[in-house]
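Input: a single structure, listed below in structure tokens.
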Amino acid sequence: MRNYLTVFCLSLISVALHAQDSAIQGVEKALNYYLDGGTNSDRSMVAKAFHPAAELKFVTEDGYKEISIDDFLARIKPGPKSDRKTKVKYINVTGHCASASVEIDYADFTFIDYFNLLKIDGEWKIVNKIFFKRVHEEKGS
């Protein structure tokens with residue numbers, strides 16, 4: 001009886017780990033639409049990452065700002081591939097909710113983006129983005 005209980009518990013753990021891996025892969029897919037689309041100036045690819053009602057919230061020298069995903073997408077202009085490096089810093093998933101962070105490094109600055117995502121109709125979508133722009137210090141200063 002004890003062996004059956006052990007096998008049953010291990011099976012449950014295996015199913016839970018598989019579901020977690022699947023969720024993380026789904027979130028990564030949304031993040032990659034955002035990152036790859038931005039690198040390639042591909043507005044339609046970036047749009048795949050976001051829910052149509054998503055908002056971006058941030059602070060500038062002028063204070064707190066909010067823009068819709070439509071306003072954000074309108075700022076993406078076709079052009080050459082951007083010279084930048086991207087990396088996913090972390091992904092946390094709980095049920096149908098997730099949070100994630102990415103860094104996008106340019107020569108003179110880095111964007112640090114934080115996302116909230118929801119699994120909607122079987123697909124992970126960014127519903128909220130906040131970010132910070134870190135300017136790199138000049139070398140030799």
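To be explicit about the labels: the chains of the structure tokens are called A, B, and onward in the order shown, and within each one the residues are counted from 1, while ligands get numbers from 1 in the order they are shown.
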
Run DSSP on the backbone of this structure and report the residues of chain A it assigns to strand (DSSP E), as a compact mmCIF listing (two decimals) with all heavy atoms, in the first residue's frame.
# COMPACT_ATOMS: atom_id res chain seq x y z
N PHE A 50 0.23 41.35 -26.41
CA PHE A 50 -0.61 42.15 -25.54
C PHE A 50 -2.10 41.87 -25.71
O PHE A 50 -2.56 41.61 -26.81
CB PHE A 50 -0.38 43.63 -25.82
CG PHE A 50 0.95 44.15 -25.33
CD1 PHE A 50 2.07 44.09 -26.14
CD2 PHE A 50 1.08 44.68 -24.06
CE1 PHE A 50 3.30 44.56 -25.70
CE2 PHE A 50 2.30 45.16 -23.60
CZ PHE A 50 3.41 45.10 -24.42
N HIS A 51 -2.83 42.01 -24.62
CA HIS A 51 -4.28 42.03 -24.67
C HIS A 51 -4.68 43.40 -25.25
O HIS A 51 -4.01 44.40 -24.99
CB HIS A 51 -4.85 41.86 -23.26
CG HIS A 51 -6.33 41.76 -23.25
ND1 HIS A 51 -7.14 42.88 -23.22
CD2 HIS A 51 -7.16 40.69 -23.29
CE1 HIS A 51 -8.40 42.50 -23.23
NE2 HIS A 51 -8.44 41.18 -23.27
N PRO A 52 -5.75 43.48 -26.03
CA PRO A 52 -6.14 44.76 -26.64
C PRO A 52 -6.44 45.88 -25.64
O PRO A 52 -6.37 47.06 -25.99
CB PRO A 52 -7.40 44.42 -27.44
CG PRO A 52 -7.37 42.94 -27.62
CD PRO A 52 -6.59 42.37 -26.48
N ALA A 53 -6.73 45.54 -24.39
CA ALA A 53 -7.01 46.56 -23.38
C ALA A 53 -5.80 46.84 -22.48
O ALA A 53 -5.92 47.54 -21.47
CB ALA A 53 -8.20 46.15 -22.53
N ALA A 54 -4.63 46.32 -22.85
CA ALA A 54 -3.43 46.49 -22.03
C ALA A 54 -3.06 47.97 -21.91
O ALA A 54 -3.37 48.78 -22.79
CB ALA A 54 -2.26 45.73 -22.64
N GLU A 55 -2.41 48.28 -20.80
CA GLU A 55 -1.94 49.64 -20.55
C GLU A 55 -0.47 49.61 -20.16
O GLU A 55 0.00 48.64 -19.56
CB GLU A 55 -2.73 50.30 -19.43
CG GLU A 55 -4.17 50.59 -19.78
CD GLU A 55 -4.88 51.33 -18.66
OE1 GLU A 55 -4.53 51.12 -17.47
OE2 GLU A 55 -5.77 52.13 -18.98
N LEU A 56 0.22 50.70 -20.48
CA LEU A 56 1.60 50.90 -20.06
C LEU A 56 1.60 52.08 -19.11
O LEU A 56 0.98 53.11 -19.38
CB LEU A 56 2.50 51.19 -21.25
CG LEU A 56 2.81 50.01 -22.16
CD1 LEU A 56 1.63 49.61 -23.01
CD2 LEU A 56 3.99 50.34 -23.04
N LYS A 57 2.31 51.92 -17.99
CA LYS A 57 2.36 52.95 -16.97
C LYS A 57 3.83 53.19 -16.64
O LYS A 57 4.60 52.25 -16.49
CB LYS A 57 1.59 52.52 -15.74
CG LYS A 57 0.12 52.25 -16.06
CD LYS A 57 -0.65 51.70 -14.90
CE LYS A 57 -2.07 51.40 -15.35
NZ LYS A 57 -2.98 51.18 -14.27
N PHE A 58 4.19 54.48 -16.54
CA PHE A 58 5.59 54.81 -16.32
C PHE A 58 5.71 56.22 -15.78
O PHE A 58 4.74 56.97 -15.73
CB PHE A 58 6.39 54.65 -17.62
CG PHE A 58 5.82 55.40 -18.79
CD1 PHE A 58 6.33 56.64 -19.16
CD2 PHE A 58 4.76 54.87 -19.53
CE1 PHE A 58 5.80 57.34 -20.24
CE2 PHE A 58 4.23 55.56 -20.63
CZ PHE A 58 4.75 56.80 -20.97
N VAL A 59 6.92 56.57 -15.38
CA VAL A 59 7.20 57.90 -14.84
C VAL A 59 8.30 58.53 -15.70
O VAL A 59 9.31 57.88 -15.99
CB VAL A 59 7.66 57.82 -13.36
CG1 VAL A 59 8.05 59.18 -12.84
CG2 VAL A 59 6.57 57.20 -12.50
N THR A 60 8.07 59.78 -16.11
CA THR A 60 9.08 60.55 -16.84
C THR A 60 9.46 61.77 -16.01
O THR A 60 8.95 61.94 -14.89
CB THR A 60 8.54 61.02 -18.21
OG1 THR A 60 7.53 62.02 -17.98
CG2 THR A 60 7.98 59.88 -19.03
N GLY A 63 6.48 63.42 -14.83
CA GLY A 63 5.61 62.76 -13.88
C GLY A 63 5.01 61.46 -14.41
O GLY A 63 5.48 60.89 -15.40
N TYR A 64 3.94 61.02 -13.75
CA TYR A 64 3.27 59.76 -14.04
C TYR A 64 2.54 59.82 -15.38
O TYR A 64 1.87 60.81 -15.69
CB TYR A 64 2.27 59.46 -12.92
CG TYR A 64 1.44 58.22 -13.14
CD1 TYR A 64 1.96 56.96 -12.88
CD2 TYR A 64 0.13 58.32 -13.60
CE1 TYR A 64 1.20 55.82 -13.06
CE2 TYR A 64 -0.64 57.18 -13.78
CZ TYR A 64 -0.10 55.94 -13.52
OH TYR A 64 -0.86 54.81 -13.72
N LYS A 65 2.68 58.76 -16.18
CA LYS A 65 2.03 58.67 -17.49
C LYS A 65 1.37 57.30 -17.64
O LYS A 65 1.83 56.31 -17.09
CB LYS A 65 3.05 58.81 -18.62
CG LYS A 65 3.92 60.03 -18.55
CD LYS A 65 3.18 61.24 -19.02
CE LYS A 65 4.14 62.43 -19.01
NZ LYS A 65 3.49 63.66 -19.26
N GLU A 66 0.30 57.28 -18.42
CA GLU A 66 -0.36 56.05 -18.84
C GLU A 66 -0.63 56.15 -20.32
O GLU A 66 -1.05 57.21 -20.80
CB GLU A 66 -1.71 55.87 -18.13
CG GLU A 66 -1.65 55.58 -16.69
CD GLU A 66 -3.03 55.34 -16.08
OE1 GLU A 66 -4.03 55.22 -16.84
OE2 GLU A 66 -3.11 55.30 -14.86
N ILE A 67 -0.39 55.06 -21.03
CA ILE A 67 -0.78 55.02 -22.45
C ILE A 67 -1.41 53.67 -22.75
O ILE A 67 -1.12 52.67 -22.09
CB ILE A 67 0.39 55.30 -23.42
CG1 ILE A 67 1.49 54.24 -23.31
CG2 ILE A 67 0.94 56.70 -23.22
CD1 ILE A 67 2.56 54.35 -24.39
N SER A 68 -2.27 53.65 -23.73
CA SER A 68 -2.91 52.41 -24.16
C SER A 68 -1.94 51.61 -25.02
O SER A 68 -0.96 52.14 -25.54
CB SER A 68 -4.18 52.71 -24.96
OG SER A 68 -3.81 53.27 -26.22
N LYS A 85 20.36 43.93 -26.97
CA LYS A 85 20.38 42.59 -26.40
C LYS A 85 19.20 42.49 -25.44
O LYS A 85 18.93 43.42 -24.69
CB LYS A 85 21.69 42.34 -25.65
CG LYS A 85 22.89 42.32 -26.55
CD LYS A 85 24.15 42.11 -25.77
CE LYS A 85 25.33 42.18 -26.72
NZ LYS A 85 26.60 42.29 -26.01
N THR A 86 18.52 41.36 -25.48
CA THR A 86 17.35 41.16 -24.63
C THR A 86 17.53 39.91 -23.78
O THR A 86 18.19 38.96 -24.20
CB THR A 86 16.07 41.02 -25.47
OG1 THR A 86 16.16 39.84 -26.26
CG2 THR A 86 15.86 42.23 -26.37
N LYS A 87 16.95 39.97 -22.58
CA LYS A 87 16.94 38.76 -21.76
C LYS A 87 15.75 38.78 -20.82
O LYS A 87 15.35 39.84 -20.32
CB LYS A 87 18.24 38.57 -21.02
CG LYS A 87 18.48 39.45 -19.85
CD LYS A 87 19.78 39.10 -19.17
CE LYS A 87 20.52 40.39 -18.87
NZ LYS A 87 21.75 40.22 -18.18
N VAL A 88 15.21 37.60 -20.62
CA VAL A 88 14.15 37.42 -19.64
C VAL A 88 14.82 37.24 -18.29
O VAL A 88 15.68 36.37 -18.12
CB VAL A 88 13.27 36.19 -19.99
CG1 VAL A 88 12.24 35.94 -18.90
CG2 VAL A 88 12.61 36.37 -21.35
N LYS A 89 14.44 38.08 -17.33
CA LYS A 89 15.04 38.03 -15.99
C LYS A 89 14.33 37.03 -15.10
O LYS A 89 14.97 36.31 -14.36
CB LYS A 89 15.03 39.41 -15.35
CG LYS A 89 15.89 40.44 -16.05
CD LYS A 89 17.34 40.07 -16.05
CE LYS A 89 17.94 40.29 -14.69
NZ LYS A 89 19.35 40.02 -14.58
N TYR A 90 13.00 37.03 -15.11
CA TYR A 90 12.27 36.06 -14.32
C TYR A 90 10.84 35.93 -14.83
O TYR A 90 10.32 36.81 -15.50
CB TYR A 90 12.25 36.42 -12.82
CG TYR A 90 11.36 37.58 -12.45
CD1 TYR A 90 9.98 37.43 -12.29
CD2 TYR A 90 11.89 38.84 -12.26
CE1 TYR A 90 9.17 38.50 -11.96
CE2 TYR A 90 11.09 39.93 -11.93
CZ TYR A 90 9.73 39.74 -11.77
OH TYR A 90 8.94 40.81 -11.45
N ILE A 91 10.24 34.79 -14.49
CA ILE A 91 8.83 34.51 -14.75
C ILE A 91 8.27 33.83 -13.51
O ILE A 91 8.86 32.87 -13.02
CB ILE A 91 8.64 33.58 -15.98
CG1 ILE A 91 9.13 34.26 -17.25
CG2 ILE A 91 7.18 33.14 -16.10
CD1 ILE A 91 9.16 33.34 -18.47
N ASN A 92 7.16 34.35 -13.00
CA ASN A 92 6.43 33.72 -11.89
C ASN A 92 5.02 33.43 -12.37
O ASN A 92 4.37 34.32 -12.92
CB ASN A 92 6.36 34.65 -10.67
CG ASN A 92 7.71 34.84 -10.02
OD1 ASN A 92 8.50 33.92 -9.94
ND2 ASN A 92 7.97 36.04 -9.57
N VAL A 93 4.56 32.21 -12.15
CA VAL A 93 3.22 31.82 -12.58
C VAL A 93 2.46 31.24 -11.39
O VAL A 93 2.99 30.41 -10.65
CB VAL A 93 3.28 30.75 -13.70
CG1 VAL A 93 1.88 30.29 -14.08
CG2 VAL A 93 4.02 31.29 -14.92
N THR A 94 1.22 31.70 -11.22
CA THR A 94 0.29 31.13 -10.25
C THR A 94 -1.05 30.99 -10.96
O THR A 94 -1.69 31.99 -11.25
CB THR A 94 0.14 32.04 -9.01
OG1 THR A 94 1.43 32.28 -8.45
CG2 THR A 94 -0.76 31.39 -7.98
N CYS A 97 -2.46 33.50 -13.66
CA CYS A 97 -1.79 34.80 -13.50
C CYS A 97 -0.28 34.62 -13.57
O CYS A 97 0.24 33.61 -13.11
CB CYS A 97 -2.13 35.42 -12.15
SG CYS A 97 -3.87 35.68 -11.85
N ALA A 98 0.41 35.61 -14.11
CA ALA A 98 1.87 35.56 -14.16
C ALA A 98 2.44 36.96 -14.08
O ALA A 98 1.78 37.95 -14.44
CB ALA A 98 2.33 34.87 -15.45
N SER A 99 3.67 37.02 -13.60
CA SER A 99 4.45 38.26 -13.67
C SER A 99 5.80 37.90 -14.26
O SER A 99 6.26 36.76 -14.15
CB SER A 99 4.60 38.89 -12.28
OG SER A 99 5.33 38.05 -11.42
N ALA A 100 6.40 38.88 -14.91
CA ALA A 100 7.69 38.63 -15.56
C ALA A 100 8.46 39.93 -15.67
O ALA A 100 7.87 41.02 -15.61
CB ALA A 100 7.47 38.03 -16.95
N SER A 101 9.76 39.80 -15.85
CA SER A 101 10.61 40.97 -16.08
C SER A 101 11.59 40.65 -17.20
O SER A 101 12.08 39.52 -17.30
CB SER A 101 11.36 41.35 -14.81
OG SER A 101 12.20 42.46 -15.04
N VAL A 102 11.87 41.66 -18.02
CA VAL A 102 12.87 41.54 -19.07
C VAL A 102 13.78 42.76 -19.01
O VAL A 102 13.41 43.80 -18.48
CB VAL A 102 12.25 41.42 -20.49
CG1 VAL A 102 11.31 40.23 -20.57
CG2 VAL A 102 11.56 42.69 -20.91
N GLU A 103 14.98 42.60 -19.56
CA GLU A 103 15.89 43.72 -19.74
C GLU A 103 16.24 43.83 -21.21
O GLU A 103 16.46 42.82 -21.88
CB GLU A 103 17.16 43.55 -18.91
CG GLU A 103 16.93 43.74 -17.44
CD GLU A 103 18.21 43.77 -16.62
OE1 GLU A 103 19.32 43.74 -17.19
OE2 GLU A 103 18.09 43.84 -15.38
N ILE A 104 16.26 45.07 -21.68
CA ILE A 104 16.60 45.34 -23.08
C ILE A 104 17.76 46.33 -23.06
O ILE A 104 17.60 47.49 -22.67
CB ILE A 104 15.40 45.93 -23.84
CG1 ILE A 104 14.20 44.99 -23.72
CG2 ILE A 104 15.77 46.19 -25.29
CD1 ILE A 104 12.89 45.58 -24.20
N ASP A 105 18.94 45.84 -23.44
CA ASP A 105 20.16 46.65 -23.39
C ASP A 105 20.47 47.28 -24.74
O ASP A 105 20.60 46.58 -25.75
CB ASP A 105 21.36 45.78 -22.99
CG ASP A 105 21.29 45.31 -21.55
OD1 ASP A 105 20.95 46.14 -20.68
OD2 ASP A 105 21.62 44.14 -21.30
N PHE A 109 21.69 52.90 -22.79
CA PHE A 109 20.68 52.74 -21.74
C PHE A 109 20.12 51.33 -21.76
O PHE A 109 20.31 50.57 -22.71
CB PHE A 109 19.56 53.77 -21.89
CG PHE A 109 18.82 53.68 -23.19
CD1 PHE A 109 17.70 52.87 -23.31
CD2 PHE A 109 19.23 54.40 -24.30
CE1 PHE A 109 17.02 52.77 -24.52
CE2 PHE A 109 18.56 54.31 -25.50
CZ PHE A 109 17.45 53.50 -25.61
N THR A 110 19.40 51.01 -20.68
CA THR A 110 18.72 49.72 -20.54
C THR A 110 17.29 49.97 -20.10
O THR A 110 17.06 50.75 -19.18
CB THR A 110 19.43 48.83 -19.50
OG1 THR A 110 20.78 48.60 -19.91
CG2 THR A 110 18.71 47.50 -19.32
N PHE A 111 16.35 49.32 -20.77
CA PHE A 111 14.98 49.31 -20.30
C PHE A 111 14.80 48.09 -19.41
O PHE A 111 15.18 46.97 -19.78
CB PHE A 111 13.97 49.22 -21.45
CG PHE A 111 13.70 50.51 -22.15
CD1 PHE A 111 13.96 50.64 -23.50
CD2 PHE A 111 13.17 51.60 -21.46
CE1 PHE A 111 13.71 51.83 -24.16
CE2 PHE A 111 12.92 52.80 -22.11
CZ PHE A 111 13.19 52.91 -23.47
N ILE A 112 14.22 48.30 -18.23
CA ILE A 112 13.84 47.22 -17.34
C ILE A 112 12.31 47.22 -17.33
O ILE A 112 11.69 48.18 -16.88
CB ILE A 112 14.40 47.39 -15.92
CG1 ILE A 112 15.94 47.40 -15.95
CG2 ILE A 112 13.91 46.27 -15.01
CD1 ILE A 112 16.53 48.75 -15.95
N ASP A 113 11.72 46.18 -17.90
CA ASP A 113 10.27 46.07 -18.04
C ASP A 113 9.72 45.03 -17.06
O ASP A 113 10.31 43.97 -16.89
CB ASP A 113 9.90 45.62 -19.46
CG ASP A 113 10.26 46.62 -20.54
OD1 ASP A 113 10.52 47.79 -20.21
OD2 ASP A 113 10.27 46.21 -21.72
N TYR A 114 8.58 45.36 -16.46
CA TYR A 114 7.85 44.45 -15.60
C TYR A 114 6.46 44.26 -16.19
O TYR A 114 5.81 45.24 -16.56
CB TYR A 114 7.73 45.01 -14.17
CG TYR A 114 9.07 45.19 -13.50
CD1 TYR A 114 9.73 46.41 -13.56
CD2 TYR A 114 9.66 44.14 -12.82
CE1 TYR A 114 10.96 46.58 -12.95
CE2 TYR A 114 10.90 44.30 -12.20
CZ TYR A 114 11.54 45.53 -12.27
OH TYR A 114 12.76 45.69 -11.67
N PHE A 115 6.03 43.01 -16.25
CA PHE A 115 4.75 42.68 -16.88
C PHE A 115 3.84 41.91 -15.94
O PHE A 115 4.31 41.10 -15.15
CB PHE A 115 4.97 41.78 -18.11
CG PHE A 115 5.84 42.38 -19.16
CD1 PHE A 115 7.17 42.00 -19.27
CD2 PHE A 115 5.34 43.31 -20.05
CE1 PHE A 115 7.98 42.54 -20.26
CE2 PHE A 115 6.15 43.86 -21.03
CZ PHE A 115 7.46 43.47 -21.13
N ASN A 116 2.55 42.13 -16.09
CA ASN A 116 1.53 41.26 -15.54
C ASN A 116 0.84 40.61 -16.74
O ASN A 116 0.52 41.30 -17.72
CB ASN A 116 0.50 42.04 -14.72
CG ASN A 116 1.08 42.52 -13.41
OD1 ASN A 116 1.81 41.79 -12.74
ND2 ASN A 116 0.77 43.74 -13.05
N LEU A 117 0.67 39.30 -16.67
CA LEU A 117 0.04 38.55 -17.74
C LEU A 117 -1.11 37.72 -17.20
O LEU A 117 -1.10 37.32 -16.03
CB LEU A 117 1.04 37.60 -18.41
CG LEU A 117 2.28 38.20 -19.05
CD1 LEU A 117 3.44 38.22 -18.07
CD2 LEU A 117 2.67 37.44 -20.29
N LEU A 118 -2.07 37.45 -18.06
CA LEU A 118 -3.18 36.56 -17.74
C LEU A 118 -3.33 35.54 -18.86
O LEU A 118 -3.10 35.86 -20.03
CB LEU A 118 -4.49 37.34 -17.60
CG LEU A 118 -4.60 38.29 -16.42
CD1 LEU A 118 -5.87 39.14 -16.53
CD2 LEU A 118 -4.58 37.53 -15.11
N LYS A 119 -3.72 34.34 -18.49
CA LYS A 119 -4.03 33.32 -19.50
C LYS A 119 -5.50 33.49 -19.86
O LYS A 119 -6.39 33.23 -19.04
CB LYS A 119 -3.75 31.92 -18.97
CG LYS A 119 -3.87 30.86 -20.04
CD LYS A 119 -3.40 29.52 -19.53
CE LYS A 119 -3.39 28.50 -20.66
NZ LYS A 119 -2.96 27.18 -20.16
N ILE A 120 -5.73 33.97 -21.07
CA ILE A 120 -7.07 34.29 -21.54
C ILE A 120 -7.38 33.41 -22.75
O ILE A 120 -6.64 33.43 -23.73
CB ILE A 120 -7.17 35.79 -21.93
CG1 ILE A 120 -6.77 36.67 -20.73
CG2 ILE A 120 -8.55 36.14 -22.45
CD1 ILE A 120 -6.52 38.12 -21.07
N GLU A 123 -4.44 31.41 -23.95
CA GLU A 123 -3.24 32.08 -24.44
C GLU A 123 -2.79 33.14 -23.44
O GLU A 123 -3.61 33.89 -22.90
CB GLU A 123 -3.57 32.75 -25.79
CG GLU A 123 -2.39 33.08 -26.61
CD GLU A 123 -2.78 33.51 -28.03
OE1 GLU A 123 -3.98 33.68 -28.32
OE2 GLU A 123 -1.87 33.71 -28.83
N TRP A 124 -1.49 33.22 -23.18
CA TRP A 124 -0.94 34.21 -22.27
C TRP A 124 -0.82 35.55 -22.96
O TRP A 124 -0.29 35.63 -24.07
CB TRP A 124 0.42 33.76 -21.75
CG TRP A 124 0.30 32.63 -20.79
CD1 TRP A 124 0.42 31.29 -21.06
CD2 TRP A 124 0.00 32.72 -19.40
NE1 TRP A 124 0.21 30.56 -19.93
CE2 TRP A 124 -0.04 31.41 -18.88
CE3 TRP A 124 -0.24 33.79 -18.53
CZ2 TRP A 124 -0.31 31.14 -17.55
CZ3 TRP A 124 -0.50 33.52 -17.19
CH2 TRP A 124 -0.53 32.21 -16.71
N LYS A 125 -1.33 36.59 -22.30
CA LYS A 125 -1.31 37.95 -22.85
C LYS A 125 -0.83 38.93 -21.78
O LYS A 125 -1.22 38.83 -20.61
CB LYS A 125 -2.70 38.40 -23.31
CG LYS A 125 -3.26 37.60 -24.48
CD LYS A 125 -2.49 37.91 -25.73
CE LYS A 125 -3.09 37.18 -26.93
NZ LYS A 125 -2.39 37.49 -28.17
N ILE A 126 -0.02 39.88 -22.19
CA ILE A 126 0.40 40.95 -21.29
C ILE A 126 -0.79 41.89 -21.13
O ILE A 126 -1.36 42.35 -22.12
CB ILE A 126 1.61 41.71 -21.87
CG1 ILE A 126 2.81 40.77 -22.02
CG2 ILE A 126 1.94 42.93 -20.99
CD1 ILE A 126 3.95 41.36 -22.84
N VAL A 127 -1.16 42.18 -19.89
CA VAL A 127 -2.27 43.09 -19.63
C VAL A 127 -1.80 44.41 -19.03
O VAL A 127 -2.55 45.39 -19.00
CB VAL A 127 -3.36 42.44 -18.73
CG1 VAL A 127 -4.00 41.25 -19.44
CG2 VAL A 127 -2.80 42.05 -17.38
N ASN A 128 -0.55 44.42 -18.57
CA ASN A 128 -0.02 45.61 -17.94
C ASN A 128 1.50 45.60 -18.05
O ASN A 128 2.12 44.56 -17.87
CB ASN A 128 -0.45 45.63 -16.46
CG ASN A 128 0.09 46.81 -15.70
OD1 ASN A 128 1.21 46.75 -15.21
ND2 ASN A 128 -0.69 47.86 -15.61
N LYS A 129 2.07 46.76 -18.35
CA LYS A 129 3.52 46.91 -18.41
C LYS A 129 3.91 48.17 -17.67
O LYS A 129 3.30 49.23 -17.87
CB LYS A 129 3.99 47.00 -19.86
CG LYS A 129 5.47 47.34 -20.01
CD LYS A 129 5.86 47.59 -21.46
CE LYS A 129 7.20 48.29 -21.51
NZ LYS A 129 7.60 48.65 -22.86
N ILE A 130 4.92 48.05 -16.78
CA ILE A 130 5.56 49.22 -16.22
C ILE A 130 7.04 49.10 -16.56
O ILE A 130 7.53 47.99 -16.81
CB ILE A 130 5.34 49.36 -14.69
CG1 ILE A 130 5.90 48.17 -13.93
CG2 ILE A 130 3.86 49.56 -14.39
CD1 ILE A 130 5.85 48.35 -12.41
N PHE A 131 7.74 50.21 -16.61
CA PHE A 131 9.16 50.11 -16.98
C PHE A 131 9.97 51.26 -16.42
O PHE A 131 9.43 52.28 -16.00
CB PHE A 131 9.32 50.04 -18.50
CG PHE A 131 8.91 51.28 -19.23
CD1 PHE A 131 9.83 52.27 -19.51
CD2 PHE A 131 7.60 51.45 -19.65
CE1 PHE A 131 9.45 53.42 -20.20
CE2 PHE A 131 7.21 52.59 -20.34
CZ PHE A 131 8.14 53.58 -20.61
N PHE A 132 11.28 51.04 -16.44
CA PHE A 132 12.25 52.05 -16.02
C PHE A 132 13.34 52.09 -17.07
O PHE A 132 13.77 51.05 -17.58
CB PHE A 132 12.84 51.68 -14.64
CG PHE A 132 13.91 52.61 -14.19
CD1 PHE A 132 13.60 53.88 -13.74
CD2 PHE A 132 15.25 52.23 -14.22
CE1 PHE A 132 14.58 54.75 -13.31
CE2 PHE A 132 16.24 53.09 -13.79
CZ PHE A 132 15.91 54.35 -13.34
N LYS A 133 13.81 53.29 -17.39
CA LYS A 133 14.92 53.46 -18.33
C LYS A 133 16.16 53.85 -17.53
O LYS A 133 16.20 54.93 -16.93
CB LYS A 133 14.60 54.55 -19.35
CG LYS A 133 15.68 54.75 -20.38
CD LYS A 133 15.28 55.85 -21.37
CE LYS A 133 16.36 56.11 -22.39
NZ LYS A 133 15.96 57.17 -23.33
N ARG A 134 17.14 52.95 -17.49
CA ARG A 134 18.39 53.20 -16.77
C ARG A 134 19.44 53.65 -17.77
O ARG A 134 19.80 52.93 -18.69
CB ARG A 134 18.85 51.94 -16.05
CG ARG A 134 20.16 52.12 -15.27
CD ARG A 134 20.56 50.88 -14.50
NE ARG A 134 20.71 49.76 -15.41
CZ ARG A 134 20.36 48.51 -15.11
NH1 ARG A 134 19.82 48.23 -13.95
NH2 ARG A 134 20.55 47.54 -15.97
N VAL A 135 19.90 54.89 -17.61
CA VAL A 135 20.93 55.44 -18.48
C VAL A 135 22.28 54.97 -17.98
O VAL A 135 22.57 55.03 -16.78
CB VAL A 135 20.86 56.99 -18.51
CG1 VAL A 135 21.97 57.57 -19.37
CG2 VAL A 135 19.49 57.46 -19.01

Residue contacts of region 76-78 of chain A (7 Å, only C-alpha atoms) excluding same-chain residues fewer than 3 positions away, as a PyMOL selection string
chain A and resi 41-43+73

With N, CA and C atoms kept, could you save the residues just selected as a compact mmCIF listing (two decimals), in the first residue's frame?
# COMPACT_ATOMS: atom_id res chain seq x y z
N SER A 41 11.40 45.72 -35.23
CA SER A 41 10.45 46.81 -35.58
C SER A 41 9.19 46.26 -36.22
N ASP A 42 8.69 45.16 -35.68
CA ASP A 42 7.52 44.47 -36.23
C ASP A 42 6.32 44.69 -35.30
N ARG A 43 5.55 45.71 -35.59
CA ARG A 43 4.41 46.10 -34.77
C ARG A 43 3.42 44.96 -34.60
N LEU A 73 1.81 50.82 -29.64
CA LEU A 73 2.07 50.18 -30.93
C LEU A 73 2.26 51.20 -32.04

So how far away is CA of Asn40 (chain A) from CA of Arg84 (chain A), in Å?
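One can read the CA of Arg84 (chain A) to CA of Asn40 (chain A) distance as 10.3 Å.
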
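Among the candidates A:Glu61, A:Pro80, A:Tyr106, A:Val46, the one nearest to Asn32 (chain A) when counting only C-alpha atoms is A:Val46.
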
Report, in Å to a single decimal, how far apart CA of Tyr33 (chain A) and CA of Arg75 (chain A) are.
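Taking CA of Arg75 (chain A) and CA of Tyr33 (chain A), their separation equals 16.4 Å.
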
In Å, rounded to a single decimal, give me how far CA of Asp108 (chain A) is from CA of His136 (chain A).
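Interatomic distance, CA of His136 (chain A) to CA of Asp108 (chain A): 5.4 Å.
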